[in-house]
Each structure stands twice: as C-alpha cells, then as structure tokens.
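As stored in model_10.txt (compact mmCIF, C-alpha atoms):
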# COMPACT_ATOMS: atom_id res chain seq x y z
CA MET A 132 46.63 8.24 22.61
CA ALA A 133 43.97 10.93 22.97
CA LYS A 134 44.01 11.33 19.19
CA THR A 135 43.43 7.58 18.65
CA LYS A 136 40.62 7.59 21.21
CA ARG A 137 39.02 10.58 19.50
CA ARG A 138 39.36 8.82 16.14
CA TRP A 139 37.65 5.65 17.38
CA THR A 140 34.94 7.66 19.10
CA GLY A 141 34.34 9.38 15.77
CA ILE A 142 34.19 6.05 13.90
CA VAL A 143 31.77 4.50 16.36
CA GLY A 144 29.70 7.69 16.32
CA LEU A 145 29.54 7.62 12.53
CA LEU A 146 28.43 3.98 12.50
CA ILE A 147 25.73 4.69 15.05
CA ALA A 148 24.62 7.72 13.03
CA LEU A 149 24.42 5.59 9.86
CA TRP A 150 22.34 2.98 11.69
CA LEU A 151 20.02 5.66 13.07
CA VAL A 152 19.54 7.36 9.69
CA SER A 153 18.85 3.96 8.07
CA PHE A 154 16.38 3.17 10.83
CA VAL A 155 14.55 6.47 10.38
CA ILE A 156 14.44 6.08 6.58
CA SER A 157 13.15 2.52 6.92
CA ALA A 158 10.41 3.78 9.25
CA PHE A 159 9.26 6.21 6.58
CA ILE A 160 9.17 3.65 3.81
CA ASP A 161 5.66 2.42 3.21
CA ALA A 162 6.09 -1.20 4.12
CA GLU A 163 3.24 -2.49 2.06
CA ILE A 164 4.91 -5.68 1.00
CA PRO A 165 2.47 -8.47 0.51
CA ILE A 166 3.39 -11.66 2.26
CA ALA A 167 2.42 -14.40 -0.12
CA SER A 168 2.18 -17.77 1.52
CA GLY A 169 -0.73 -19.34 -0.31
CA ASN A 170 -2.34 -19.42 -3.71
CA VAL A 171 -5.76 -17.93 -2.96
CA LEU A 172 -5.92 -14.43 -1.58
CA VAL A 173 -8.60 -13.54 0.97
CA ILE A 174 -9.66 -9.90 0.91
CA SER A 175 -11.77 -8.68 3.82
CA ILE A 176 -14.75 -6.47 3.14
CA LYS A 177 -15.51 -5.43 6.70
CA GLY A 178 -17.15 -2.26 7.93
CA VAL A 179 -18.80 0.58 6.09
CA ILE A 180 -17.53 0.92 2.52
CA VAL A 181 -16.18 4.40 1.80
CA GLY A 182 -14.00 5.92 -0.89
CA ASP A 183 -11.13 7.01 1.35
CA ASP A 184 -10.64 5.91 4.93
CA PRO A 185 -10.72 9.04 7.12
CA GLY A 186 -8.49 7.11 9.53
CA GLY A 187 -8.13 7.89 13.22
CA PHE A 188 -8.71 5.71 16.21
CA GLY A 189 -11.82 3.55 16.11
CA SER A 190 -12.45 4.05 12.42
CA THR A 191 -14.39 1.08 11.08
CA ALA A 192 -14.58 2.34 7.53
CA LEU A 193 -13.27 0.26 4.67
CA SER A 194 -11.49 2.22 1.98
CA ALA A 195 -12.48 1.21 -1.56
CA ASN A 196 -9.12 2.55 -2.76
CA SER A 197 -7.16 0.00 -0.77
CA VAL A 198 -9.50 -2.88 -1.69
CA VAL A 199 -9.31 -2.01 -5.39
CA ALA A 200 -5.50 -1.80 -5.13
CA ASP A 201 -5.43 -5.26 -3.53
CA ILE A 202 -7.72 -6.70 -6.19
CA GLU A 203 -5.60 -5.25 -9.00
CA SER A 204 -2.37 -6.48 -7.41
CA ALA A 205 -3.80 -9.98 -6.95
CA ALA A 206 -5.08 -10.00 -10.52
CA GLU A 207 -1.54 -9.35 -11.79
CA ASP A 208 0.18 -11.75 -9.41
CA ASP A 209 0.92 -15.06 -11.11
CA ASN A 210 1.21 -16.81 -7.75
CA ILE A 211 -2.43 -16.12 -6.94
CA ASP A 212 -4.95 -18.45 -8.56
CA ALA A 213 -8.19 -17.00 -7.18
CA ILE A 214 -9.57 -14.28 -4.90
CA VAL A 215 -11.96 -14.84 -2.02
CA PHE A 216 -13.91 -11.98 -0.45
CA GLU A 217 -14.79 -12.42 3.21
CA ILE A 218 -17.74 -10.08 3.64
CA ASN A 219 -19.12 -8.66 6.84
CA SER A 220 -20.39 -5.23 5.90
CA PRO A 221 -23.70 -3.35 5.85
CA GLY A 222 -22.72 -1.56 2.65
CA GLY A 223 -21.76 2.07 2.28
CA SER A 224 -21.12 4.59 -0.44
CA ALA A 225 -22.69 3.79 -3.81
CA VAL A 226 -19.64 4.96 -5.72
CA ALA A 227 -17.16 3.13 -3.49
CA SER A 228 -19.17 -0.11 -3.68
CA ASP A 229 -19.40 0.17 -7.45
CA GLU A 230 -15.65 0.82 -7.70
CA ILE A 231 -14.95 -2.42 -5.86
CA ALA A 232 -17.56 -4.30 -7.89
CA GLN A 233 -16.06 -3.08 -11.17
CA ALA A 234 -12.58 -4.11 -10.01
CA VAL A 235 -13.92 -7.59 -9.16
CA LEU A 236 -15.60 -7.91 -12.55
CA ALA A 237 -12.34 -7.03 -14.29
CA VAL A 238 -10.50 -9.95 -12.65
CA GLU A 239 -9.96 -12.85 -15.00
CA LYS A 240 -9.37 -15.35 -12.19
CA PRO A 241 -12.12 -17.11 -10.22
CA THR A 242 -13.65 -14.88 -7.55
CA VAL A 243 -15.74 -16.14 -4.65
CA SER A 244 -17.37 -14.37 -1.76
CA TYR A 245 -18.68 -15.66 1.49
CA ILE A 246 -20.93 -13.56 3.60
CA ARG A 247 -20.64 -13.89 7.34
CA GLU A 248 -23.04 -11.92 9.58
CA VAL A 249 -23.97 -9.20 7.10
CA GLY A 250 -23.43 -8.69 3.42
CA ALA A 251 -26.12 -6.20 2.61
CA SER A 252 -26.67 -3.36 0.22
CA GLY A 253 -23.34 -2.12 -1.22
CA ALA A 254 -21.59 -5.16 0.26
CA TYR A 255 -24.11 -7.41 -1.50
CA TRP A 256 -23.42 -5.49 -4.71
CA VAL A 257 -19.74 -6.43 -4.29
CA ALA A 258 -20.64 -10.06 -3.53
CA ALA A 259 -22.92 -10.20 -6.58
CA SER A 260 -19.94 -9.29 -8.77
CA THR A 261 -18.10 -12.46 -7.80
CA ASP A 262 -18.56 -15.79 -9.57
CA LYS A 263 -20.02 -17.58 -6.57
CA ILE A 264 -21.56 -16.46 -3.26
CA PHE A 265 -21.57 -18.56 -0.09
CA VAL A 266 -23.58 -17.57 2.99
CA ASN A 267 -24.40 -18.80 6.42
CA ARG A 268 -28.04 -19.82 6.87
CA MET A 269 -28.48 -16.82 9.15
CA SER A 270 -26.40 -14.28 7.25
CA ILE A 271 -28.21 -11.05 6.48
CA THR A 272 -28.06 -10.12 2.84
CA GLY A 273 -29.99 -8.35 0.11
CA SER A 274 -31.15 -4.85 1.05
CA ILE A 275 -31.10 -3.81 -2.58
CA GLY A 276 -32.06 -0.19 -2.21
CA VAL A 277 -30.69 3.30 -1.92
CA ILE A 278 -30.96 5.72 0.94
CA ALA A 279 -30.09 9.38 1.17
CA SER A 280 -30.77 11.58 4.14
CA TYR A 281 -29.62 14.70 5.87
CA LEU A 282 -30.51 16.75 8.91
CA GLN A 283 -32.60 19.78 8.14
CA PHE A 284 -32.62 22.39 10.88
CA SER A 285 -34.16 25.49 9.34
CA ASP A 286 -36.86 25.59 12.07
CA LEU A 287 -34.15 25.54 14.73
CA LEU A 288 -32.42 28.48 13.04
CA ASP A 289 -35.75 30.35 12.89
CA GLU A 290 -36.26 29.81 16.60
CA HIS A 291 -32.91 31.41 17.28
CA GLY A 292 -33.43 34.28 14.90
CA VAL A 293 -30.85 33.05 12.41
CA THR A 294 -31.78 33.54 8.79
CA TYR A 295 -30.49 31.83 5.70
CA GLU A 296 -29.52 34.38 3.09
CA ARG A 297 -29.95 32.49 -0.14
CA MET A 298 -27.66 33.49 -2.99
CA VAL A 299 -27.41 31.05 -5.85
CA ALA A 300 -26.68 31.08 -9.54
CA GLY A 301 -28.54 28.04 -10.74
CA ARG A 302 -31.94 27.33 -9.29
CA TYR A 303 -31.08 24.08 -7.56
CA LYS A 304 -27.50 24.83 -6.51
CA ASP A 305 -28.32 24.76 -2.81
CA MET A 306 -30.83 21.94 -2.80
CA GLY A 307 -30.15 19.72 0.14
CA THR A 308 -28.86 22.50 2.31
CA PRO A 309 -29.90 21.96 5.93
CA PHE A 310 -30.81 25.64 6.25
CA LYS A 311 -34.06 25.53 4.27
CA ASP A 312 -36.98 23.22 3.52
CA LEU A 313 -36.76 20.98 0.49
CA SER A 314 -39.21 22.14 -2.21
CA ASP A 315 -41.42 19.60 -4.01
CA THR A 316 -39.38 19.93 -7.19
CA GLU A 317 -36.14 19.47 -5.31
CA ARG A 318 -37.55 16.40 -3.58
CA LEU A 319 -38.57 15.04 -6.96
CA ILE A 320 -35.08 15.61 -8.37
CA PHE A 321 -33.52 13.76 -5.44
CA GLN A 322 -36.01 10.93 -5.75
CA GLN A 323 -35.29 10.59 -9.47
CA THR A 324 -31.57 10.46 -8.73
CA LEU A 325 -32.07 7.76 -6.12
CA ASP A 326 -34.33 5.81 -8.49
CA GLN A 327 -31.65 6.02 -11.14
CA ILE A 328 -29.02 4.65 -8.75
CA HIS A 329 -31.50 1.98 -7.65
CA THR A 330 -31.97 0.92 -11.26
CA GLU A 331 -28.19 0.75 -11.75
CA PHE A 332 -27.98 -1.46 -8.68
CA ILE A 333 -30.80 -3.72 -9.88
CA GLU A 334 -29.43 -4.03 -13.40
CA GLY A 335 -25.97 -4.77 -12.04
CA VAL A 336 -27.25 -7.55 -9.80
CA ALA A 337 -29.43 -8.94 -12.59
CA GLU A 338 -26.51 -9.08 -15.01
CA ASN A 339 -24.02 -10.53 -12.54
CA ARG A 340 -26.44 -13.09 -11.11
CA ASN A 341 -27.94 -14.09 -14.47
CA MET A 342 -31.40 -13.02 -13.35
CA SER A 343 -33.93 -10.93 -15.18
CA VAL A 344 -34.22 -7.27 -14.26
CA SER A 345 -37.90 -7.71 -13.37
CA GLU A 346 -37.03 -10.61 -11.10
CA VAL A 347 -34.45 -8.56 -9.21
CA ARG A 348 -36.70 -5.49 -9.14
CA LYS A 349 -39.32 -7.53 -7.26
CA LEU A 350 -36.71 -8.33 -4.60
CA ALA A 351 -35.16 -4.86 -4.58
CA THR A 352 -37.42 -3.31 -1.99
CA GLY A 353 -34.56 -2.61 0.37
CA GLN A 354 -35.62 -5.65 2.35
CA VAL A 355 -32.97 -7.87 3.92
CA TYR A 356 -33.05 -11.64 3.50
CA LEU A 357 -31.58 -14.41 5.60
CA GLY A 358 -29.03 -16.59 3.85
CA ILE A 359 -31.37 -19.54 3.57
CA LYS A 360 -34.08 -17.39 1.94
CA ALA A 361 -31.55 -15.64 -0.32
CA ILE A 362 -30.62 -19.03 -1.83
CA GLU A 363 -34.27 -19.70 -2.64
CA LEU A 364 -34.52 -16.28 -4.28
CA GLY A 365 -31.36 -16.79 -6.32
CA LEU A 366 -29.50 -13.90 -4.71
CA VAL A 367 -26.74 -16.21 -3.43
CA ASP A 368 -25.52 -19.66 -4.41
CA ALA A 369 -24.85 -21.94 -1.47
CA ILE A 370 -24.59 -22.36 2.27
CA GLY A 371 -21.01 -22.47 3.43
CA GLY A 372 -18.00 -20.84 5.01
CA LYS A 373 -14.26 -20.96 4.41
CA ASN A 374 -14.15 -24.77 4.15
CA GLU A 375 -16.84 -24.88 1.50
CA VAL A 376 -15.14 -22.06 -0.39
CA GLU A 377 -11.87 -24.00 -0.32
CA ALA A 378 -13.56 -27.17 -1.51
CA TYR A 379 -15.33 -25.30 -4.31
CA LEU A 380 -12.10 -23.67 -5.49
CA GLU A 381 -10.15 -26.94 -5.35
CA GLN A 382 -12.74 -28.45 -7.63
CA GLU A 383 -12.71 -25.45 -9.96
CA LEU A 384 -8.94 -24.98 -10.10
CA ASN A 385 -7.91 -28.60 -9.65
CA VAL A 386 -5.13 -27.59 -7.25
CA THR A 387 -4.69 -27.66 -3.49
CA VAL A 388 -6.01 -24.38 -2.20
CA GLU A 389 -4.14 -22.49 0.48
CA LEU A 390 -5.92 -19.35 1.62
CA PHE A 391 -3.85 -16.40 2.79
CA GLU A 392 -4.22 -12.72 3.55
CA TRP A 393 -1.86 -9.90 2.78
CA GLU A 394 -0.48 -8.34 5.89
CA ARG A 395 -0.20 -4.66 5.47
CA LYS A 396 2.21 -2.99 7.82
CA LYS A 397 2.05 0.73 8.27
CA SER A 398 5.04 2.99 8.26
CA ILE A 399 5.55 5.48 11.08
CA LEU A 400 4.60 8.26 8.65
CA ASP A 401 1.25 6.58 7.94
CA LEU A 402 0.56 6.21 11.64
CA LEU A 403 1.49 9.82 12.39
CA SER A 404 -0.53 11.21 9.53
CA GLN A 405 -3.52 9.08 10.46
CA LEU A 406 -3.30 10.11 14.09
CA SER A 407 -3.02 13.81 13.39
CA GLY A 408 -5.06 14.11 10.20
CA GLY A 409 -7.67 11.52 11.06
CA ASN A 410 -8.40 12.73 14.53
CA SER A 411 -8.45 16.39 13.52
CA TYR A 412 -10.94 15.44 10.82
CA GLN A 413 -13.09 13.50 13.28
CA VAL A 414 -13.10 16.37 15.76
CA GLY A 415 -13.90 19.02 13.18
CA ARG A 416 -16.29 17.17 10.94
CA GLY A 417 -19.29 17.66 13.20
CA ILE A 418 -19.24 21.36 12.56
CA GLY A 419 -16.85 22.52 9.90
CA ASP A 420 -17.12 19.72 7.39
CA SER A 421 -20.89 19.85 7.17
CA LEU A 422 -20.82 23.62 6.73
CA VAL A 423 -18.19 23.50 4.01
CA LYS A 424 -19.95 20.70 2.15
CA THR A 425 -23.32 22.35 2.42
CA GLN A 426 -22.09 25.54 0.86
CA GLY A 427 -20.21 23.82 -1.93
CA GLU A 428 -22.46 20.96 -2.87
CA PRO A 429 -25.53 19.10 -1.67
CA ASN A 430 -24.65 17.41 1.59
CA ILE A 431 -26.51 14.20 0.93
CA PRO A 432 -24.60 10.98 1.24
CA VAL A 433 -26.00 8.33 -1.04
CA VAL A 434 -25.52 4.84 0.27
CA TRP A 435 -26.69 1.41 -0.73
CA SER A 436 -28.76 0.61 2.26
CA MET B 51 58.52 13.05 -1.88
CA HIS B 52 57.08 9.82 -0.48
CA VAL B 53 55.38 7.67 -3.10
CA ALA B 54 52.91 5.22 -1.59
CA ASN B 55 52.68 1.67 -2.91
CA ASN B 56 49.55 0.65 -4.76
CA ALA B 57 47.23 -1.50 -2.66
CA PRO B 58 47.44 -5.24 -3.46
CA LEU B 59 44.26 -6.48 -5.11
CA LEU B 60 43.67 -9.28 -2.58
CA LYS B 61 43.78 -6.86 0.34
CA ARG B 62 41.37 -4.56 -1.45
CA ILE B 63 38.93 -7.43 -2.00
CA LEU B 64 39.18 -8.52 1.65
CA ALA B 65 38.69 -4.92 2.79
CA PHE B 66 35.61 -4.67 0.60
CA ILE B 67 34.19 -7.87 2.13
CA VAL B 68 34.71 -6.44 5.63
CA ASP B 69 33.02 -3.22 4.53
CA MET B 70 30.03 -5.13 3.20
CA ILE B 71 29.70 -6.90 6.56
CA ILE B 72 29.71 -3.48 8.26
CA VAL B 73 27.13 -2.25 5.75
CA GLU B 74 24.97 -5.30 6.46
CA LEU B 75 25.13 -4.61 10.21
CA PHE B 76 24.69 -0.85 10.24
CA VAL B 77 22.88 0.02 7.02
CA ILE B 78 20.84 -2.97 5.83
CA SER B 79 19.75 -4.43 9.17
CA PRO B 80 17.34 -1.54 10.00
CA PHE B 81 15.51 -2.33 6.75
CA SER B 82 14.91 -5.94 7.78
CA ARG B 83 11.72 -4.74 9.51
CA VAL B 84 10.38 -3.75 6.11
CA LEU B 85 11.43 -6.96 4.38
CA LYS B 86 10.56 -9.35 7.19
CA GLY B 87 8.21 -12.08 6.07
CA SER B 88 8.14 -11.09 2.43
CA MET B 89 11.14 -13.19 1.43
CA VAL B 90 11.45 -16.87 0.85
CA GLU B 91 14.30 -18.84 2.31
CA GLY B 92 16.58 -20.38 -0.25
CA SER B 93 19.45 -19.87 -2.62
CA PHE B 94 20.17 -16.52 -4.25
CA THR B 95 18.45 -17.72 -7.44
CA GLU B 96 15.36 -18.82 -5.53
CA VAL B 97 15.14 -15.46 -3.75
CA LEU B 98 15.64 -13.63 -7.04
CA ASP B 99 12.93 -15.77 -8.69
CA HIS B 100 10.60 -15.02 -5.81
CA ILE B 101 11.11 -11.27 -6.20
CA THR B 102 10.96 -11.12 -9.98
CA SER B 103 7.91 -13.40 -10.25
CA ASN B 104 5.92 -11.14 -7.96
CA GLU B 105 5.32 -7.77 -9.60
CA VAL B 106 3.84 -6.23 -6.48
CA LEU B 107 6.74 -7.32 -4.31
CA PHE B 108 9.22 -6.16 -6.95
CA GLY B 109 7.58 -2.73 -7.12
CA ASN B 110 7.43 -2.37 -3.36
CA LEU B 111 11.09 -3.28 -2.95
CA LEU B 112 12.18 -0.32 -5.04
CA PRO B 113 12.15 2.29 -2.23
CA VAL B 114 14.08 -0.15 -0.03
CA VAL B 115 16.71 -0.69 -2.73
CA VAL B 116 17.05 3.07 -3.29
CA ALA B 117 17.38 3.78 0.45
CA VAL B 118 19.91 0.98 1.06
CA THR B 119 21.98 2.08 -1.95
CA PHE B 120 21.97 5.69 -0.78
CA MET B 121 23.05 4.74 2.75
CA THR B 122 25.75 2.34 1.51
CA LEU B 123 27.09 5.07 -0.72
CA ALA B 124 27.05 7.41 2.28
CA TYR B 125 29.07 4.90 4.33
CA PHE B 126 31.87 4.68 1.77
CA ALA B 127 31.89 8.38 0.87
CA ILE B 128 31.78 9.74 4.44
CA PHE B 129 34.40 7.37 5.85
CA GLU B 130 36.79 7.90 2.95
CA PHE B 131 36.34 11.66 3.07
CA LYS B 132 36.78 11.88 6.85
CA TYR B 133 39.45 9.23 7.44
CA GLN B 134 40.68 8.39 3.89
CA GLN B 135 39.72 4.85 4.91
CA THR B 136 36.68 2.70 5.41
CA ILE B 137 36.72 0.21 8.29
CA GLY B 138 37.79 -2.56 5.90
CA LYS B 139 40.65 -0.43 4.65
CA MET B 140 41.66 0.42 8.25
CA ILE B 141 41.91 -3.29 9.07
CA PHE B 142 43.98 -4.04 5.97
CA LYS B 143 45.98 -0.83 6.29
CA LEU B 144 44.93 0.76 3.03
CA LYS B 145 43.96 4.33 2.32
CA VAL B 146 42.54 6.47 -0.43
CA VAL B 147 44.59 9.30 -1.88
CA SER B 148 43.78 11.97 -4.37
CA ILE B 149 45.99 12.33 -7.41
CA SER B 150 44.95 15.95 -7.81
CA GLY B 151 45.55 17.61 -4.46
CA LYS B 152 43.46 17.20 -1.31
CA LEU B 153 40.76 14.50 -1.30
CA ASN B 154 37.34 16.13 -1.52
CA MET B 155 33.78 14.90 -1.01
CA SER B 156 32.80 14.79 -4.69
CA GLN B 157 35.77 12.51 -5.40
CA CYS B 158 34.65 10.22 -2.58
CA ILE B 159 31.10 10.13 -3.93
CA VAL B 160 32.25 9.24 -7.45
CA ARG B 161 34.46 6.45 -6.03
CA ALA B 162 31.50 5.08 -4.05
CA LEU B 163 29.21 4.86 -7.10
CA ILE B 164 30.38 1.24 -7.36
CA VAL B 165 27.62 0.37 -4.87
CA LEU B 166 24.90 1.37 -7.36
CA PRO B 167 22.84 -1.71 -8.20
CA PHE B 168 23.95 -1.78 -11.83
CA TYR B 169 25.95 -4.91 -12.46
CA PHE B 170 27.47 -3.47 -15.62
CA VAL B 171 29.12 -0.60 -13.70
CA THR B 172 30.46 -2.97 -11.04
CA VAL B 173 31.82 -5.52 -13.53
CA VAL B 174 33.52 -2.94 -15.76
CA ASP B 175 34.90 -1.14 -12.68
CA VAL B 176 36.47 -4.29 -11.25
CA ILE B 177 37.71 -5.74 -14.55
CA TYR B 178 39.45 -2.46 -15.30
CA ALA B 179 41.26 -2.72 -11.97
CA LEU B 180 42.42 -6.27 -12.78
CA PHE B 181 44.09 -5.23 -16.01
CA ASN B 182 45.42 -1.89 -14.84
CA ALA B 183 49.03 -1.48 -13.83
CA GLU B 184 48.09 0.56 -10.74
CA ASN B 185 45.03 -1.57 -9.87
CA GLN B 186 42.92 1.53 -10.34
CA ARG B 187 39.17 1.05 -10.80
CA VAL B 188 37.34 3.00 -13.53
CA LEU B 189 35.60 5.13 -10.90
CA GLU B 190 38.95 5.79 -9.25
CA TYR B 191 40.25 6.92 -12.63
CA PHE B 192 37.32 9.32 -13.06
CA SER B 193 37.56 10.62 -9.51
CA LYS B 194 41.34 11.07 -9.80
CA THR B 195 41.97 8.90 -6.75
CA LYS B 196 43.67 5.64 -6.00
CA THR B 197 43.94 3.17 -3.15
CA VAL B 198 47.39 2.75 -1.65
CA VAL B 199 49.07 1.06 1.29
CA ALA B 200 48.63 3.24 4.40

For the file at hand, write its structure as structure tokens.
Amino acid sequence: MAKTKRRWTGIVGLLIALWLVSFVISAFIDAEIPIASGNVLVISIKGVIVGDDPGGFGSTALSANSVVADIESAAEDDNIDAIVFEINSPGGSAVASDEIAQAVLAVEKPTVSYIREVGASGAYWVAASTDKIFVNRMSITGSIGVIASYLQFSDLLDEHGVTYERMVAGRYKDMGTPFKDLSDTERLIFQQTLDQIHTEFIEGVAENRNMSVSEVRKLATGQVYLGIKAIELGLVDAIGGKNEVEAYLEQELNVTVELFEWERKKSILDLLSQLSGGNSYQVGRGIGDSLVKTQGEPNIPVVWS
Amino acid sequence: MHVANNAPLLKRILAFIVDMIIVELFVISPFSRVLKGSMVEGSFTEVLDHITSNEVLFGNLLPVVVAVTFMTLAYFAIFEFKYQQTIGKMIFKLKVVSISGKLNMSQCIVRALIVLPFYFVTVVDVIYALFNAENQRVLEYFSKTKTVVA
C-alpha cells in the first residue's frame, strides 16, 4: 500500500516537474511571433531613433535594429501587401535613421508614412524614403539639419585644480574631449563632418522626393515646417491620417486594406536582462559611460535635428 | 524463466494516444503562451499552410518545436527508465524490458527518439513493428528493448 502510494506520488511529482520545466523553458523562448491579422503592416516610429535600445524603465528610445528587422520580415512575408509607418518622432541618430531609411528603400512593396505630431529630422528622413507621406495640417516636420554637441568643462576642472594630461598619438585623437577647449582646426573638422552629413541628408531627401538638390538645400536650414506648409514646399504629399492612408493603398493595391501591427511579446529573459542591464546602464552612464567614451573616441553624438 | 508476452499492437497504439494526451497537458500546454494568437483556427492543412506560408512565423516556431520535442522525449525516457512504463502503458498494463540485461537510460532515450519531428523515422519505425513477429519497432531493435504485457 505504502509502496503504491509512493509510486503514485513519484508519478505525480514527475508530471509536475515536467510541466514546470516546460513552463520555465517556454518563458525563456523569445516569443517574437508576429500575429498577422491583416494585409498591411503598421510599423511605429515613435520616440528618439537610436541604434540599440538601452532598455530600462521609462526608455522612450526606438531601436533601429528592431525596426529594420520588422521591415525585412514584412518585405519577405507574402501575406503583407504594403507597409505603413506611423511616425511620431523628433529624429535621432544619423546612422540609425539612415539604416531605417535604407531598409525602407529596399522594400519592393508600397510604403507609406503618416506623420502625427512630429516627424522631424531623422524621422523625416525615414518618411522621405517611403513612396507617399501623409501629414496632419499641424504636424511638425522638416528640420533638415544636423546637430552635434557636448559639454565642455575644462574651466570647471581648472577651478578645482584638476589638470588634463594630454597624451595622444595622432593630433586629433582627443578632439571633442570635454577636458579641453576645442581648437579652431578641430572645430573646422567637426563642422566639415556635419556639413558632409547634412549634404547626405539633403541629397537623400532630394532623390527620394524627386526634388532638386538646390531646392532641398534651400529648405534644409534645420527649420521645422507645419504639415500644411510642408505640402506647399513639396516635402510631403497630402493631408491625412490612417483613413486616408487606407484609401490610398486600396486604390494602389486594388484590394481591401486591413491594417495591423505585430505584437511583440517579451520573454522573461528579455525582461530580466532589460531590467538589470538597462537600469545599470542608466545609473552609470552619467559618469562612467561619458568617461569611457571620451577616452576612446570623440564623445559627440551626431543627430538629425 | 518467465517469458513475457509481446504487447498487442492495438494496446500499444491506445497507450501511445494516452501518452500524447499527457504530453499535451503537461509538456505542450506551457508553450501555448508563446503560440497564443499566432495560429489560425482550422484544419491541420490550414494550420500547416499558415505556418509554411509565413517565413517569419516558421522561423520563430523553431525554438518551440525543439523545446517541445526535447520535453516529450524526456517524458518517455524518464518514465520508462524509472517505472519501465509511461502512463499510457500503465493504464494498458504494458511495460518495457531490456533484451540485454537491466534497462538503462540510453536505451530509453533511443526508444523515445520516435518523438523527433521527422516523419520518415516515425513511419519506418511503426511500419517495421507492423511486419515484425514480435511487434518490435526499429528503435526498439536498436535499443535492444521490447514492449511486453506487464
């Protein structure tokens, strides 16, 4: 009797153990399974565009990696007829914005963007890569320019008797360090770099919008334009929101358009790594990250803005 | 020396069906969280079409398939090693015996390879059992085991 009871306890225990192990494994599997319920995928471009999302609570950054992955997946998916970009972003990293723009240009299906409150700078660069841009009359767009800045606190160090011992191999290796003034030549080098990026931006917009480079250059003062003005200037195509986008695509594709978004669930591992890694990064980046970056490379973020 | 009778094929099939229900409840159900919402409702062919027509979905299902296969294999191997029976076999009073001495874990693992998602292995394994005097599957032959009446 006791033997039978022990046997059944063992069996039940084993089954529970199997269930638990399966549950734990399933929690660690990256559950990024797109839920396709329509034929036109909507990809959100919201927040500051960065290469990799540092994660953590309250992060509003948009990772170019994940957007590019979505674009590439949608491009390969036969069930998806077109891609719509819902944009509400002030821009961000030049490289990250260009990565998204290049991915959009590589898509052989119709691509449409509609700008809500803001689609400026790098976000406008992404929008300009799509076939058609819709805006609200009051949307803020444009801002075709490049900004780079950093805090320079050499005077503060002087006040506290801290000196910067400069050791470089390569005259400009430490240009942009916050521990010393920028020389005229260094400033010129930075300005030339920004001008070069600015030209890339202008030429990209000109090509994608079928405008002349000189025409875009006139508008590329970094100024923002309201949607209604942007139409006049040729920077966007039409006033409209989701409904207008749907109507446009139905006309283009000659099918009933059903917009949908991919839900991306996160596995427990993702959540844990984001909580620990992301928050540690956020806490430390004020001090450590800037020091490390400054010593290794110029600490100047270049953004379309 | 007591010679056990070979397990009747019908009982073995019924035992396997019971085992698959157990696997569904205790091994596959935790993965439903991952699959939820990504599947269409419909016949087997419709579900298969849905998966194969969507490259992204197909690629993402791979880790799920690997994990479910591994856990199903674990169910059969652990139960047969510990009790010489799975739950299905307990219900239908069947057990696994080793032809070469005491049943060991590697024998149980080889037997359980039938759950691998390769139809060819499964079909050959079962067909061999149908035309074999002792109703021994190919994997039973390789693992030097057979299923007998308990």

Next item on the list: Write out as a PyMOL selection string which residues come within 8 Å of Ile333 of chain A when counting only C-alpha atoms, dropping same-chain ones fewer than 2 positions away.
Entry: chain A and resi 275+329-331+335-337+344+347-348+351

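Using all atoms listed in the file, the smallest distance between any of A:Trp393, A:Phe310, A:Tyr255, A:Tyr245 and chain B comes from A:Trp393.
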
Next item on the list: Record the distance separating atom CA of Ser175 of chain A and atom CA of Ala205 of chain A, expressed in Å with one decimal.
Entry: 13.5 Å

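Closest approach to chain A among B:Val77, B:Val165, B:Val173, B:Val199 is made by B:Val77 (distances from only C-alpha atoms).
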
Item checked: Surrounding residues of segment 180-183 of chain A excluding itself and chain neighbours under 2 positions, 8 Å, all atoms listed in the file, as a PyMOL selection string -> chain A and resi 176-178+185+192-196+220+222-224+226-228+253-254

Next item on the list: Just give me the residues with any atom within 12 Å of (-6.7, -7.1, -7.7), file coordinates, counting only C-alpha atoms, written as an MDAnalysis selection string.
Entry: (chainID A and resid 171:174 195:209 211:216 230:242 393) or (chainID B and resid 106)

Next item on the list: In the coordinates of the file, take the point (14.5, 0.2, 6.6) and a cut-off of 8 Å; then, counting only C-alpha atoms, name each qualifying protein, DNA or RNA residue as a list in words.
Entry: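 Protein, DNA and RNA residues close to (14.5, 0.2, 6.6): Ser153, Phe154, Val155, Ile156, Ser157, Ala158, Phe159 and Ile160 of chain A; Ile78, Ser79, Pro80, Phe81, Ser82, Arg83, Val84, Val114, Ala117 and Val118 of chain B.
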